[in-house]
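Take a look at the structure below.
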Protein chains: 2
Amino acid sequence: MVTDAHQIFNDFIKGAGLRGTEQRALILDTFLNTDEHVSVDDLFGMVKLENKKIGYATVHRTMKLITESGLAREVVFNDGIARFEHTLDTGHHHHFVCKSCDAVIEFNSDAVDAEEKRLAKAYGFEVQSHHFKIYGICKECRRKKRT
Amino acid sequence: MVTDAHQIFNDFIKGAGLRGTEQRALILDTFLNTDEHVSVDDLFGMVKLENKKIGYATVHRTMKLITESGLAREVVFNDGIARFEHTLDTGHHHHFVCKSCDAVIEFNSDAVDAEEKRLAKAYGFEVQSHHFKIYGICKECRRKKRT
DNA sequence: TGCTTATTGAAAATGATTTTCATTTTCTAT
DNA sequence: ATAGAAAATGAAAATCATTTTCAATAAGCA
């Protein structure tokens, strides 16, 4: 099945004068099948199930390419490890991170976006990207703690 | 001069059954005299001017203590390096980071804070901390670029 | 098919942070 | 004051994610 995502990645690869390889295809497919925010390590583990010989560096390099192609976005939470999330079909959003169970809850906020625009204008700042992360305890964990 | 900050740190140290040392005093004073967001490396450089024998690990360990005492807050921007900022006399705030000149501009926004509260309530989330960072090009750099 | 050039995988390098450990220092209890 | 127990220090080594190196391999154009 060739999805939009595959098309986008292939176009990117060709446009940059790079080559398509089995490894890249496997890593892309694996990433596309994830939902969560996955680290290179996570992906390396998954990818090795299909191809034992694949190297960590290849996964790392490919995730960089996938990010450059626009299909992934890199996110870093408090543990300092880079994770990747999908950009397709997921509009821009922010994150709640639960410090108890590590769950990541995505949310949108027009109010935050509007305020950002207002602030940028007020400060003469040209916005390229932003990260809004709220750390705390999620609903579920709060409920459990009360028990 | 013993400031509130010194008092807070000493209380913290004693309360934790730790000991006051020359190095800790020097590192705290040095940190208190900074304005910017300083890394362990930055502080190590400053502190060495006063005490050539002091070790990097001591600066690192002490900054962790100062953070635990509540006097500093750790902030990480896109370069992945931990930096420390003051918590005293600086209400909570957010950051613009200029990708061109690396300037960090702090800003406040009641609108963002209010929205955060609303969201937390809506999601049943208990907020402990948050980071809102906007990356882009600052006013000054935009002006220069236009030249 | 052959050839040029990119890619791969393994291992080593990097760089910030953290730990180890022998020595030194603090500070409590005498 | 001072001895002794415990914490802190500094230098060096260890960690750990990430990045680079490099020789061998593979892709894809001519």
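Chain labels A, B, ... are given in the sequence in which chains occur in the structure tokens; within each chain residues are numbered consecutively from 1, and ligands are likewise numbered from 1 in the order shown.
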*chain B contacts on chain C, only C-alpha atoms (C1' of nucleotides), 10 Å, as a ChimeraX atom specification*: /C:16-19,25-27
Those same residues, written as a compact mmCIF listing (two decimals), in the first residue's frame with N, CA and C atoms (P, O5', C5', C4', C3', O3' and C1' of nucleotides)?
```
# COMPACT_ATOMS: atom_id res chain seq x y z
P DA C 16 29.18 19.74 25.63
O5' DA C 16 28.04 19.51 26.72
C5' DA C 16 26.70 19.37 26.30
C4' DA C 16 25.99 18.43 27.24
C3' DA C 16 26.03 18.89 28.70
O3' DA C 16 24.70 18.89 29.21
C1' DA C 16 26.76 16.63 28.49
P DT C 17 24.37 19.37 30.68
O5' DT C 17 24.44 18.01 31.48
C5' DT C 17 23.62 16.92 31.06
C4' DT C 17 24.00 15.68 31.81
C3' DT C 17 23.93 15.79 33.35
O3' DT C 17 22.95 14.85 33.76
C1' DT C 17 25.86 14.62 32.62
P DT C 18 22.49 14.77 35.28
O5' DT C 18 23.39 13.58 35.82
C5' DT C 18 23.33 12.34 35.14
C4' DT C 18 24.32 11.38 35.76
C3' DT C 18 24.30 11.35 37.29
O3' DT C 18 23.98 10.01 37.65
C1' DT C 18 26.52 11.44 36.46
P DT C 19 24.02 9.53 39.17
O5' DT C 19 25.44 8.81 39.27
C5' DT C 19 25.73 7.74 38.38
C4' DT C 19 27.13 7.23 38.67
C3' DT C 19 27.38 6.87 40.13
O3' DT C 19 27.86 5.55 40.14
C1' DT C 19 29.10 8.30 39.30
P DT C 25 41.02 20.09 53.36
O5' DT C 25 39.53 20.12 53.90
C5' DT C 25 38.48 20.36 52.97
C4' DT C 25 37.17 20.21 53.69
C3' DT C 25 37.07 21.05 54.96
O3' DT C 25 36.02 21.96 54.76
C1' DT C 25 36.30 18.82 55.32
P DT C 26 35.52 22.96 55.88
O5' DT C 26 34.27 22.18 56.49
C5' DT C 26 33.14 21.92 55.65
C4' DT C 26 32.12 21.13 56.44
C3' DT C 26 31.60 21.84 57.69
O3' DT C 26 30.19 21.82 57.62
C1' DT C 26 32.33 19.65 58.22
P DC C 27 29.28 22.71 58.54
O5' DC C 27 29.04 21.77 59.81
C5' DC C 27 28.37 20.53 59.63
C4' DC C 27 28.41 19.75 60.92
C3' DC C 27 28.14 20.61 62.18
O3' DC C 27 27.39 19.79 63.06
C1' DC C 27 30.13 19.46 62.45
```
_What's around B:Ser39 at 10 Å? Count only C-alpha atoms (C1' of nucleotides), leave out sequence neighbours fewer than 6 positions away in its own chain, and write the answer as a ChimeraX atom specification._
/B:45,60,63,74-76,81-85
Deliver the residues from the most recent selection as a file, using N, CA and C atoms, as a compact mmCIF listing (two decimals), in the first residue's frame.
```txt
# COMPACT_ATOMS: atom_id res chain seq x y z
N GLY B 45 32.90 28.09 34.58
CA GLY B 45 33.87 29.10 34.13
C GLY B 45 33.97 30.27 35.10
N HIS B 60 28.01 21.13 39.26
CA HIS B 60 26.82 20.40 38.82
C HIS B 60 25.97 19.96 40.00
N MET B 63 24.29 22.95 41.73
CA MET B 63 23.16 23.53 41.00
C MET B 63 21.91 22.67 41.18
N GLU B 74 15.27 24.70 36.27
CA GLU B 74 16.04 24.20 35.14
C GLU B 74 15.23 24.40 33.86
N VAL B 75 15.89 24.91 32.84
CA VAL B 75 15.23 25.12 31.55
C VAL B 75 16.10 24.51 30.47
N VAL B 76 15.47 23.83 29.55
CA VAL B 76 16.24 23.24 28.44
C VAL B 76 15.69 23.78 27.13
N ILE B 81 20.97 21.53 26.21
CA ILE B 81 21.81 21.80 27.37
C ILE B 81 20.96 22.38 28.50
N ALA B 82 21.15 21.87 29.71
CA ALA B 82 20.38 22.36 30.85
C ALA B 82 20.90 23.74 31.26
N ARG B 83 19.99 24.66 31.45
CA ARG B 83 20.35 25.98 31.94
C ARG B 83 19.50 26.28 33.17
N PHE B 84 19.99 27.22 33.98
CA PHE B 84 19.28 27.54 35.21
C PHE B 84 18.87 29.00 35.23
N GLU B 85 17.69 29.24 35.72
CA GLU B 85 17.22 30.62 35.86
C GLU B 85 16.72 30.81 37.28
```
Please produce, as a tab-separated table, a per-residue contact table for chain A versus chain B (criterion: any atom at most 6 Å away, only C-alpha atoms considered), showing the nearest atom pair and its distance in Å to one decimal, sorted by chain then residue number.
```
residue	atom	partner	partner_atom	distance
A:Val112	CA	B:Val112	CA	5.8
A:Gly124	CA	B:Lys139	CA	4.7
A:Phe125	CA	B:Cys138	CA	4.7
A:Glu126	CA	B:Ile137	CA	5.0
A:Val127	CA	B:Gly136	CA	4.4
A:Gln128	CA	B:Gly136	CA	4.5
A:Ser129	CA	B:Tyr135	CA	5.1
A:His130	CA	B:Ile134	CA	4.1
A:His131	CA	B:Lys133	CA	5.2
A:Phe132	CA	B:Phe132	CA	4.2
A:Lys133	CA	B:His131	CA	5.2
A:Ile134	CA	B:His130	CA	4.1
A:Tyr135	CA	B:Ser129	CA	5.1
A:Gly136	CA	B:Val127	CA	4.4
A:Ile137	CA	B:Glu126	CA	5.0
A:Cys138	CA	B:Phe125	CA	4.7
A:Lys139	CA	B:Gly124	CA	4.7
```
Dump as a PDB file, in the first residue's frame, selection limited to N, CA and C atoms:
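Below you can see out_15.pdb, which holds the result:
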```
ATOM      1  N   VAL A 112      -4.556  29.535  23.054  1.00  0.00           N
ATOM      2  CA  VAL A 112      -3.102  29.624  23.148  1.00  0.00           C
ATOM      3  C   VAL A 112      -2.526  30.094  21.816  1.00  0.00           C
ATOM      4  N   GLY A 124       7.431  41.802  18.214  1.00  0.00           N
ATOM      5  CA  GLY A 124       8.112  41.869  16.922  1.00  0.00           C
ATOM      6  C   GLY A 124       8.817  40.579  16.564  1.00  0.00           C
ATOM      7  N   PHE A 125       8.276  39.472  17.069  1.00  0.00           N
ATOM      8  CA  PHE A 125       8.928  38.181  16.913  1.00  0.00           C
ATOM      9  C   PHE A 125       8.298  37.410  15.764  1.00  0.00           C
ATOM     10  N   GLU A 126       9.136  36.790  14.941  1.00  0.00           N
ATOM     11  CA  GLU A 126       8.612  35.927  13.881  1.00  0.00           C
ATOM     12  C   GLU A 126       8.631  34.487  14.389  1.00  0.00           C
ATOM     13  N   VAL A 127       7.468  33.887  14.514  1.00  0.00           N
ATOM     14  CA  VAL A 127       7.376  32.545  15.096  1.00  0.00           C
ATOM     15  C   VAL A 127       7.695  31.468  14.067  1.00  0.00           C
ATOM     16  N   GLN A 128       8.582  30.564  14.439  1.00  0.00           N
ATOM     17  CA  GLN A 128       8.875  29.437  13.561  1.00  0.00           C
ATOM     18  C   GLN A 128       8.311  28.144  14.133  1.00  0.00           C
ATOM     19  N   SER A 129       8.442  27.986  15.422  1.00  0.00           N
ATOM     20  CA  SER A 129       7.893  26.785  16.047  1.00  0.00           C
ATOM     21  C   SER A 129       7.698  27.078  17.527  1.00  0.00           C
ATOM     22  N   HIS A 130       7.057  26.169  18.205  1.00  0.00           N
ATOM     23  CA  HIS A 130       6.867  26.389  19.631  1.00  0.00           C
ATOM     24  C   HIS A 130       6.585  25.056  20.315  1.00  0.00           C
ATOM     25  N   HIS A 131       6.790  25.065  21.596  1.00  0.00           N
ATOM     26  CA  HIS A 131       6.516  23.870  22.385  1.00  0.00           C
ATOM     27  C   HIS A 131       5.821  24.294  23.653  1.00  0.00           C
ATOM     28  N   PHE A 132       4.659  23.781  23.859  1.00  0.00           N
ATOM     29  CA  PHE A 132       3.954  24.059  25.103  1.00  0.00           C
ATOM     30  C   PHE A 132       3.730  22.714  25.761  1.00  0.00           C
ATOM     31  N   LYS A 133       4.385  22.505  26.871  1.00  0.00           N
ATOM     32  CA  LYS A 133       4.256  21.227  27.559  1.00  0.00           C
ATOM     33  C   LYS A 133       3.845  21.491  28.996  1.00  0.00           C
ATOM     34  N   ILE A 134       2.835  20.782  29.423  1.00  0.00           N
ATOM     35  CA  ILE A 134       2.371  20.910  30.798  1.00  0.00           C
ATOM     36  C   ILE A 134       2.650  19.596  31.499  1.00  0.00           C
ATOM     37  N   TYR A 135       3.367  19.678  32.605  1.00  0.00           N
ATOM     38  CA  TYR A 135       3.689  18.476  33.368  1.00  0.00           C
ATOM     39  C   TYR A 135       2.826  18.418  34.614  1.00  0.00           C
ATOM     40  N   GLY A 136       2.410  17.243  34.986  1.00  0.00           N
ATOM     41  CA  GLY A 136       1.601  17.110  36.189  1.00  0.00           C
ATOM     42  C   GLY A 136       1.110  15.694  36.351  1.00  0.00           C
ATOM     43  N   ILE A 137      -0.073  15.567  36.931  1.00  0.00           N
ATOM     44  CA  ILE A 137      -0.632  14.243  37.183  1.00  0.00           C
ATOM     45  C   ILE A 137      -1.954  14.131  36.422  1.00  0.00           C
ATOM     46  N   CYS A 138      -2.085  13.058  35.663  1.00  0.00           N
ATOM     47  CA  CYS A 138      -3.279  12.921  34.834  1.00  0.00           C
ATOM     48  C   CYS A 138      -4.483  12.450  35.656  1.00  0.00           C
ATOM     49  N   LYS A 139      -5.629  12.589  35.056  1.00  0.00           N
ATOM     50  CA  LYS A 139      -6.891  12.247  35.693  1.00  0.00           C
ATOM     51  C   LYS A 139      -6.852  10.854  36.312  1.00  0.00           C
TER      52      LYS A 139
END
```
*Contact residues (chain D, partner chain B, 8 Å, only C-alpha atoms (C1' of nucleotides)) as a ChimeraX atom specification*: /D:7-10
*asked:* Could you give the RMSD, in Å, left over when chain B is least-squares superposed onto chain A across all Cα atoms paired sequentially?
replied: 0.2 Å
*DSSP says strand (DSSP E or B) for which residues of stretch 2-139 of chain A? Put them as a PyMOL selection string?*
chain A and resi 38-39+72-76+82-86+94-98+104-107+126-137
Could you please take those selected residues and save N, CA and C atoms as a CSV table (one decimal), in the first residue's frame?
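The new file selection13.csv reads:
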```csv
chain,number,residue,atom,x,y,z
A,38,VAL,N,7.5,7.9,19.7
A,38,VAL,CA,8.6,6.9,19.7
A,38,VAL,C,10.0,7.5,19.7
A,39,SER,N,10.8,6.8,20.4
A,39,SER,CA,12.3,7.2,20.4
A,39,SER,C,13.0,6.4,19.3
A,72,ALA,N,7.5,13.7,10.2
A,72,ALA,CA,7.6,13.5,11.6
A,72,ALA,C,8.0,14.8,12.2
A,73,ARG,N,7.8,14.9,13.5
A,73,ARG,CA,8.2,16.1,14.3
A,73,ARG,C,8.9,15.6,15.5
A,74,GLU,N,10.0,16.2,15.8
A,74,GLU,CA,10.8,15.8,17.0
A,74,GLU,C,10.3,16.5,18.2
A,75,VAL,N,10.1,15.7,19.3
A,75,VAL,CA,9.6,16.3,20.5
A,75,VAL,C,10.5,15.8,21.6
A,76,VAL,N,10.9,16.7,22.6
A,76,VAL,CA,11.7,16.3,23.7
A,76,VAL,C,11.0,16.6,25.0
A,82,ALA,N,15.0,12.3,22.6
A,82,ALA,CA,14.2,12.7,21.4
A,82,ALA,C,13.2,11.7,21.0
A,83,ARG,N,12.0,12.1,20.8
A,83,ARG,CA,10.9,11.2,20.4
A,83,ARG,C,10.3,11.8,19.1
A,84,PHE,N,9.6,11.0,18.3
A,84,PHE,CA,9.1,11.4,17.1
A,84,PHE,C,7.6,11.2,17.1
A,85,GLU,N,6.9,12.2,16.5
A,85,GLU,CA,5.4,12.0,16.4
A,85,GLU,C,5.0,12.3,15.0
A,86,HIS,N,3.9,11.9,14.6
A,86,HIS,CA,3.4,12.1,13.2
A,86,HIS,C,3.0,13.5,13.0
A,94,HIS,N,-0.4,20.6,21.5
A,94,HIS,CA,0.5,20.7,22.6
A,94,HIS,C,0.4,19.4,23.5
A,95,HIS,N,1.2,19.4,24.6
A,95,HIS,CA,1.2,18.1,25.3
A,95,HIS,C,1.1,18.3,26.8
A,96,PHE,N,0.2,17.5,27.4
A,96,PHE,CA,0.3,17.2,28.8
A,96,PHE,C,1.1,16.0,29.0
A,97,VAL,N,2.1,16.0,30.0
A,97,VAL,CA,2.8,14.8,30.3
A,97,VAL,C,2.6,14.5,31.7
A,98,CYS,N,2.2,13.2,32.0
A,98,CYS,CA,1.9,12.8,33.3
A,98,CYS,C,3.2,12.3,33.9
A,104,VAL,N,1.3,10.7,27.6
A,104,VAL,CA,1.3,12.0,26.9
A,104,VAL,C,0.0,12.2,26.3
A,105,ILE,N,-0.7,13.3,26.7
A,105,ILE,CA,-2.0,13.6,26.2
A,105,ILE,C,-1.9,14.9,25.4
A,106,GLU,N,-2.3,14.8,24.1
A,106,GLU,CA,-2.2,15.9,23.2
A,106,GLU,C,-3.5,16.8,23.4
A,107,PHE,N,-3.3,18.0,23.2
A,107,PHE,CA,-4.5,18.9,23.2
A,107,PHE,C,-4.3,20.1,22.3
A,126,GLU,N,9.1,36.8,14.9
A,126,GLU,CA,8.6,35.9,13.9
A,126,GLU,C,8.6,34.5,14.4
A,127,VAL,N,7.5,33.9,14.5
A,127,VAL,CA,7.4,32.5,15.1
A,127,VAL,C,7.7,31.5,14.1
A,128,GLN,N,8.6,30.6,14.4
A,128,GLN,CA,8.9,29.4,13.6
A,128,GLN,C,8.3,28.1,14.1
A,129,SER,N,8.4,28.0,15.4
A,129,SER,CA,7.9,26.8,16.0
A,129,SER,C,7.7,27.1,17.5
A,130,HIS,N,7.1,26.2,18.2
A,130,HIS,CA,6.9,26.4,19.6
A,130,HIS,C,6.6,25.1,20.3
A,131,HIS,N,6.8,25.1,21.6
A,131,HIS,CA,6.5,23.9,22.4
A,131,HIS,C,5.8,24.3,23.7
A,132,PHE,N,4.7,23.8,23.9
A,132,PHE,CA,4.0,24.1,25.1
A,132,PHE,C,3.7,22.7,25.8
A,133,LYS,N,4.4,22.5,26.9
A,133,LYS,CA,4.3,21.2,27.6
A,133,LYS,C,3.8,21.5,29.0
A,134,ILE,N,2.8,20.8,29.4
A,134,ILE,CA,2.4,20.9,30.8
A,134,ILE,C,2.7,19.6,31.5
A,135,TYR,N,3.4,19.7,32.6
A,135,TYR,CA,3.7,18.5,33.4
A,135,TYR,C,2.8,18.4,34.6
A,136,GLY,N,2.4,17.2,35.0
A,136,GLY,CA,1.6,17.1,36.2
A,136,GLY,C,1.1,15.7,36.4
A,137,ILE,N,-0.1,15.6,36.9
A,137,ILE,CA,-0.6,14.2,37.2
A,137,ILE,C,-2.0,14.1,36.4
```
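With atom CA of B:Leu88 on one side and atom CA of B:Ala16 on the other, the separation reads 20.8 Å.
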*What gap, in Å, lies between atom CA of A:Glu50 and atom CA of A:Thr30?*
9.6 Å
*Could you pull out the residues in stretch 45-144 of chain A that DSSP calls alpha helix (DSSP H) from the backbone, as a ChimeraX atom specification?*
/A:45-50,56-68,110-123,139-144
